[in-house]
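Student: Structure file coords_2.tsv (TSV, C-alpha atoms) is given on the next line.
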```tsv
chain	number	residue	atom	x	y	z
A	438	MET	CA	-80.20	-75.91	79.57
A	439	ALA	CA	-80.06	-79.49	78.22
A	440	ARG	CA	-77.58	-79.90	75.39
A	441	PRO	CA	-77.59	-76.29	74.19
A	442	ARG	CA	-77.41	-75.73	70.45
A	443	VAL	CA	-74.25	-73.85	69.51
A	444	PHE	CA	-73.81	-72.18	66.13
A	445	VAL	CA	-70.20	-71.43	65.19
A	446	THR	CA	-69.16	-69.60	62.03
A	447	GLY	CA	-66.06	-68.54	60.17
A	448	PHE	CA	-65.63	-66.56	56.95
A	449	GLY	CA	-64.17	-67.42	53.58
A	450	PRO	CA	-61.56	-65.32	51.74
A	451	PHE	CA	-62.04	-61.65	50.96
A	452	PRO	CA	-60.01	-58.96	49.17
A	453	GLY	CA	-56.62	-58.76	50.82
A	454	ALA	CA	-57.04	-62.13	52.56
A	455	PRO	CA	-56.95	-64.98	50.03
A	456	GLU	CA	-56.68	-67.40	52.96
A	457	ASN	CA	-58.94	-66.79	55.93
A	458	PRO	CA	-57.95	-68.78	59.05
A	459	SER	CA	-61.45	-68.35	60.51
A	460	ALA	CA	-62.74	-70.77	57.85
A	461	SER	CA	-60.43	-73.62	58.82
A	462	LEU	CA	-61.02	-72.78	62.49
A	463	ALA	CA	-64.79	-73.17	62.11
A	464	GLU	CA	-64.29	-76.46	60.30
A	465	ALA	CA	-61.96	-77.73	63.02
A	466	LEU	CA	-64.41	-76.74	65.76
A	467	GLY	CA	-67.20	-78.50	63.88
A	468	ALA	CA	-65.11	-81.67	63.79
A	469	THR	CA	-64.48	-81.51	67.56
A	470	GLN	CA	-66.50	-83.72	69.90
A	471	TRP	CA	-68.63	-81.63	72.28
A	472	PRO	CA	-70.56	-84.03	74.58
A	473	GLY	CA	-72.25	-81.19	76.48
A	474	CYS	CA	-73.78	-79.43	73.51
A	475	GLU	CA	-75.01	-79.77	69.94
A	476	LEU	CA	-72.53	-77.80	67.86
A	477	HIS	CA	-73.12	-76.72	64.26
A	478	ALA	CA	-70.34	-75.06	62.26
A	479	GLN	CA	-70.66	-73.08	59.04
A	480	VAL	CA	-68.19	-71.23	56.83
A	481	LEU	CA	-69.92	-68.18	55.38
A	482	PRO	CA	-68.87	-66.49	52.15
A	483	THR	CA	-67.62	-62.98	52.77
A	484	GLU	CA	-70.45	-61.48	50.75
A	485	TRP	CA	-72.90	-58.78	51.82
A	486	GLU	CA	-75.94	-60.14	50.00
A	487	THR	CA	-75.33	-63.77	50.91
A	488	VAL	CA	-74.85	-63.09	54.62
A	489	ALA	CA	-77.95	-60.86	54.73
A	490	ALA	CA	-80.07	-63.62	53.19
A	491	LEU	CA	-78.44	-66.73	54.66
A	492	ALA	CA	-77.85	-65.77	58.29
A	493	PRO	CA	-81.53	-65.28	59.25
A	494	ARG	CA	-82.43	-68.58	57.55
A	495	LEU	CA	-79.74	-70.41	59.49
A	496	TYR	CA	-80.93	-68.89	62.78
A	497	ALA	CA	-84.52	-69.89	62.06
A	498	HIS	CA	-83.51	-73.43	61.10
A	499	LEU	CA	-81.02	-74.11	63.91
A	500	GLN	CA	-82.68	-72.08	66.68
A	501	PRO	CA	-79.31	-71.76	68.44
A	502	ASP	CA	-78.93	-71.04	72.13
A	503	VAL	CA	-75.38	-69.78	71.56
A	504	MET	CA	-73.88	-68.08	68.51
A	505	ILE	CA	-70.12	-67.60	68.31
A	506	HIS	CA	-68.67	-66.01	65.20
A	507	PHE	CA	-64.98	-65.91	64.27
A	508	GLY	CA	-63.43	-63.56	61.75
A	509	LEU	CA	-59.97	-62.43	60.72
A	510	CYS	CA	-58.50	-59.13	61.87
A	511	GLN	CA	-55.19	-58.71	60.10
A	512	ARG	CA	-53.93	-56.20	62.68
A	513	ALA	CA	-54.74	-58.38	65.70
A	514	VAL	CA	-51.97	-60.02	67.70
A	515	GLY	CA	-54.35	-62.21	69.70
A	516	PHE	CA	-58.05	-62.85	70.26
A	517	ARG	CA	-60.21	-59.71	70.14
A	518	ILE	CA	-63.51	-60.17	71.97
A	519	GLU	CA	-66.07	-57.79	70.49
A	520	ARG	CA	-68.55	-56.08	72.81
A	521	SER	CA	-70.72	-54.29	70.25
A	522	ALA	CA	-72.01	-54.26	66.70
A	523	TYR	CA	-73.05	-51.05	64.94
A	524	ASN	CA	-75.83	-50.48	62.45
A	525	ARG	CA	-73.41	-49.34	59.78
A	526	ALA	CA	-71.93	-50.96	56.70
A	527	ALA	CA	-68.87	-49.51	55.00
A	528	PRO	CA	-68.91	-49.19	51.19
A	529	ARG	CA	-66.22	-51.82	50.89
A	530	ALA	CA	-66.13	-54.53	48.24
A	531	ASP	CA	-66.79	-58.10	49.33
A	532	ALA	CA	-65.43	-61.35	47.89
A	533	ARG	CA	-67.57	-60.84	44.77
A	534	ALA	CA	-66.51	-57.20	44.41
A	535	ALA	CA	-70.01	-56.12	45.46
A	536	LEU	CA	-70.85	-53.26	47.82
A	537	PRO	CA	-73.47	-53.36	50.60
A	538	ALA	CA	-77.02	-52.56	49.53
A	539	SER	CA	-77.32	-49.90	52.25
A	540	ARG	CA	-75.12	-48.02	54.68
A	541	HIS	CA	-77.21	-49.59	57.46
A	542	VAL	CA	-77.25	-53.25	58.45
A	543	LEU	CA	-80.98	-53.12	59.27
A	544	ALA	CA	-83.04	-50.11	58.24
A	545	GLN	CA	-85.08	-49.89	61.45
A	546	GLY	CA	-82.43	-51.14	63.87
A	547	PRO	CA	-80.81	-49.24	66.75
A	548	GLU	CA	-77.44	-47.60	66.27
A	549	ARG	CA	-75.65	-50.14	68.44
A	550	LEU	CA	-76.30	-53.60	69.87
A	551	ASP	CA	-74.25	-55.04	72.73
A	552	THR	CA	-73.58	-58.66	73.58
A	553	ARG	CA	-74.81	-59.95	76.94
A	554	ILE	CA	-71.61	-61.97	77.29
A	555	PRO	CA	-68.99	-60.27	79.50
A	556	ALA	CA	-66.39	-59.58	76.82
A	557	ALA	CA	-63.72	-58.30	79.19
A	558	LYS	CA	-64.05	-61.44	81.30
A	559	VAL	CA	-63.77	-63.66	78.24
A	560	ALA	CA	-60.52	-61.86	77.38
A	561	ALA	CA	-59.25	-62.21	80.95
A	562	TYR	CA	-60.17	-65.89	80.98
A	563	LEU	CA	-58.20	-66.48	77.77
A	564	SER	CA	-55.25	-64.50	79.13
A	565	ALA	CA	-55.28	-66.68	82.25
A	566	HIS	CA	-54.92	-69.66	79.93
A	567	ALA	CA	-51.91	-68.05	78.19
A	568	PHE	CA	-53.79	-66.94	75.07
A	569	PRO	CA	-53.22	-63.26	74.14
A	570	ALA	CA	-56.63	-61.57	74.26
A	571	ALA	CA	-58.32	-58.22	74.74
A	572	SER	CA	-61.86	-56.87	74.61
A	573	SER	CA	-62.85	-54.43	71.87
A	574	ARG	CA	-65.69	-51.92	71.53
A	575	SER	CA	-66.07	-52.14	67.74
A	576	ALA	CA	-66.15	-55.02	65.28
A	577	GLY	CA	-65.46	-52.61	62.41
A	578	ARG	CA	-67.83	-51.84	59.54
A	579	TYR	CA	-67.21	-54.81	57.28
A	580	LEU	CA	-68.82	-58.27	57.11
A	581	CYS	CA	-67.76	-59.16	60.67
A	582	ASN	CA	-69.79	-56.32	62.14
A	583	PHE	CA	-72.57	-56.98	59.59
A	584	LEU	CA	-73.01	-60.60	60.70
A	585	TYR	CA	-72.64	-59.73	64.39
A	586	TYR	CA	-75.36	-57.10	64.18
A	587	HIS	CA	-77.72	-59.58	62.50
A	588	SER	CA	-77.03	-62.15	65.24
A	589	LEU	CA	-77.51	-59.71	68.11
A	590	ALA	CA	-80.71	-58.39	66.53
A	591	TRP	CA	-82.09	-61.90	66.09
A	592	ALA	CA	-81.14	-62.80	69.66
A	593	ALA	CA	-82.76	-59.64	71.06
A	594	ALA	CA	-86.01	-60.46	69.24
A	595	ARG	CA	-86.24	-63.74	71.18
A	596	HIS	CA	-86.83	-61.65	74.37
A	597	GLU	CA	-86.81	-63.71	77.57
A	598	ALA	CA	-85.57	-66.85	75.83
A	599	ALA	CA	-82.87	-64.83	74.10
A	600	PRO	CA	-79.83	-66.75	72.95
A	601	VAL	CA	-76.39	-65.24	73.43
A	602	ALA	CA	-74.09	-64.08	70.65
A	603	LEU	CA	-70.41	-63.20	70.52
A	604	PHE	CA	-67.98	-62.18	67.81
A	605	VAL	CA	-64.30	-62.98	68.17
A	606	HIS	CA	-61.66	-61.55	65.87
A	607	ILE	CA	-58.64	-63.78	65.42
A	608	PRO	CA	-55.10	-62.97	64.23
A	609	ARG	CA	-53.24	-64.29	61.24
A	610	THR	CA	-51.43	-67.59	61.75
A	611	VAL	CA	-47.82	-68.70	61.43
A	612	ALA	CA	-48.30	-69.43	57.73
A	613	GLN	CA	-49.31	-65.78	57.27
A	614	GLY	CA	-46.31	-64.38	59.14
A	615	VAL	CA	-47.66	-64.18	62.70
A	616	LEU	CA	-46.43	-66.38	65.54
A	617	PHE	CA	-49.85	-67.84	66.31
A	618	SER	CA	-50.19	-71.51	65.39
A	619	ASP	CA	-53.30	-73.24	64.09
A	620	ALA	CA	-53.26	-75.43	67.20
A	621	SER	CA	-53.15	-72.40	69.53
A	622	LEU	CA	-55.98	-70.80	67.58
A	623	LEU	CA	-58.09	-73.93	67.92
A	624	HIS	CA	-57.38	-74.37	71.63
A	625	GLY	CA	-58.13	-70.72	72.35
A	626	ALA	CA	-61.40	-70.92	70.42
A	627	GLN	CA	-62.37	-74.02	72.38
A	628	GLU	CA	-61.82	-72.08	75.60
A	629	VAL	CA	-64.06	-69.29	74.27
A	630	ILE	CA	-66.81	-71.84	73.67
A	631	ARG	CA	-66.38	-73.29	77.16
A	632	PHE	CA	-66.65	-69.86	78.76
A	633	VAL	CA	-69.70	-68.86	76.72
A	634	LEU	CA	-71.44	-72.14	77.50
A	635	ALA	CA	-70.77	-71.52	81.20
A	636	PHE	CA	-72.34	-68.10	80.86
A	637	ALA	CA	-75.31	-69.39	78.87
A	638	GLU	CA	-75.99	-72.22	81.29
A	639	GLN	CA	-75.28	-70.10	84.40
A	640	ARG	CA	-73.12	-72.78	85.88
A	641	LYS	CA	-69.45	-73.61	86.15
A	642	PRO	CA	-68.42	-76.37	83.70
A	643	GLU	CA	-66.01	-79.08	84.74
A	644	ILE	CA	-62.90	-78.09	82.83
A	645	GLN	CA	-59.49	-79.61	83.38
A	646	ILE	CA	-57.15	-76.62	83.63
A	647	ALA	CA	-53.52	-77.42	82.83
A	648	THR	CA	-52.07	-74.10	83.97
A	649	PRO	CA	-50.05	-72.88	86.96
A	650	VAL	CA	-51.98	-72.57	90.21
A	651	ALA	CA	-52.27	-68.78	90.02
A	652	ALA	CA	-53.69	-68.86	86.49
A	653	ALA	CA	-56.07	-71.67	87.38
A	654	THR	CA	-57.33	-69.75	90.40
A	655	ALA	CA	-57.89	-66.63	88.32
A	656	SER	CA	-59.77	-68.49	85.60
A	657	ASN	CA	-61.95	-70.31	88.13
A	658	ALA	CA	-62.88	-66.97	89.71
A	659	LEU	CA	-63.82	-65.60	86.31
A	660	LEU	CA	-66.10	-68.53	85.59
A	661	LEU	CA	-67.76	-68.18	88.98
A	662	ASP	CA	-68.51	-64.55	88.18
A	663	VAL	CA	-69.85	-64.81	84.62
A	664	LYS	CA	-73.21	-63.28	85.57
A	665	GLU	CA	-71.68	-59.80	85.61
A	666	ALA	CA	-72.48	-57.40	82.78
A	667	PRO	CA	-70.03	-56.95	79.87
```
Give the structure from this file in structure tokens form.

Tutor:
Amino acid sequence: MARPRVFVTGFGPFPGAPENPSASLAEALGATQWPGCELHAQVLPTEWETVAALAPRLYAHLQPDVMIHFGLCQRAVGFRIERSAYNRAAPRADARAALPASRHVLAQGPERLDTRIPAAKVAAYLSAHAFPAASSRSAGRYLCNFLYYHSLAWAAARHEAAPVALFVHIPRTVAQGVLFSDASLLHGAQEVIRFVLAFAEQRKPEIQIATPVAAATASNALLLDVKEAP
């Protein structure tokens, strides 16, 4: 895959979270130099109607090979790598105090869609790099799950040339009372992108690993084995 197109998103504020660290994270990732890929970053408003209308237009315009979405989970203590999105939308108010138009994300969609990216291995890879991480089976029923389902559905419709999609929940930062700095958040997210690119390209990227020998060996083994199922 020559210079894969990578689409990275974060979310704006929503009720209960007047500051959403996934927004500044997406902006920081967009400002990072990525010689091996063409990276596009977007901060999405946390709004049911806007995401439903805007996300498919962005996919069609960008034609991404890789989609990586970041969103805030206020209960998380590290990175949560989401395996699945469900065709359900909770009647919960968005940033404009609006409710979802339907209890389903897509009327004719399956109950659940799974990422092709090995979520547990992404979490293990991050852990080997000293970033707290775990895989998760549910992205919730709010806008995070809503966007993830749209992305997985769009990717599945591409069939044999299907792009890959992943949703990553992030914790609050130091400024919000959690001992997780903005710099750690950015570095961990960069490692997520590196792993997903390795999976998408089916090759091991040349990454300089500044970790102890045991951690480096573990992370190398994970990258060599990215073809395994989630």

Student: Point out the residue among A:His566, A:His541, A:His498, A:Arg553 with the least atom-to-atom distance to A:Ser621, counting all atoms listed in the file.

Tutor: A:His566

Student: What separation in Å, quoted to one decimal, exists between atom CA of A:Tyr585 and atom CA of A:Glu548?

Tutor: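 Those two atoms sit 13.2 Å apart.
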
Student: Please compute the atom CA of A:Phe448-atom CA of A:Ala460 distance, one decimal, in Å.

Tutor: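 Distance reported for this atom pair: 5.2 Å.
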
Student: Measure the distance from atom CA of A:Ala626 to atom CA of A:Arg595 in Å and round it to one decimal.

Tutor: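 Computed distance, atom CA of A:Ala626 to atom CA of A:Arg595, equals 25.9 Å.
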
Student: Between A:Met504, A:Cys510, A:Leu622, A:Ala490, which residue has the minimum interatomic distance to A:Phe568, considering all atoms listed in the file?

Tutor: A:Leu622

Student: Could you tell me which of A:Val605, A:Ala463, A:Ala492, A:Val443 comes closest to A:Ala557 if we count all atoms listed in the file?

Tutor: A:Val605

Student: Out of A:Ala561, A:Ala620, A:Val601, A:Ala567, which residue has the shortest atom-to-atom distance to A:Pro441 when counting only C-alpha atoms?

Tutor: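 Residue with the minimum atom-to-atom distance to A:Pro441: A:Val601.
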
Student: Using only C-alpha atoms, which residues sit within 6 Å of A:Ala478 once same-chain residues fewer than 2 positions away are excluded, as an MDAnalysis selection string?

Tutor: chainID A and resid 444:446 463 467

Student: Using all atoms listed in the file, which residues sit within 10 Å of stretch 469-475 of chain A once same-chain residues fewer than 5 positions away are excluded, as an MDAnalysis selection string?

Tutor: chainID A and resid 438:444 463:464 501:503 623 627 631 634 642

Student: May I have the protein, DNA and RNA residues with any atom at most 12 Å from the point (-78.6, -58.4, 65.6), counting only C-alpha atoms, written as number ranges by chain?

Tutor: A: 489, 492-493, 496, 504, 521-525, 542-552, 581-595, 599-604

Student: Residues near A:Val514, anyone? I mean within 10 Å using only C-alpha atoms, not counting same-chain ones fewer than 3 positions away, as number ranges by chain.

Tutor: A: 510-511, 517, 569-571, 606-610, 615-617

Student: Nearest residue to A:Gly508 out of A:Leu563, A:Thr483, A:Ser575, A:Leu466, using all atoms listed in the file?

Tutor: A:Thr483
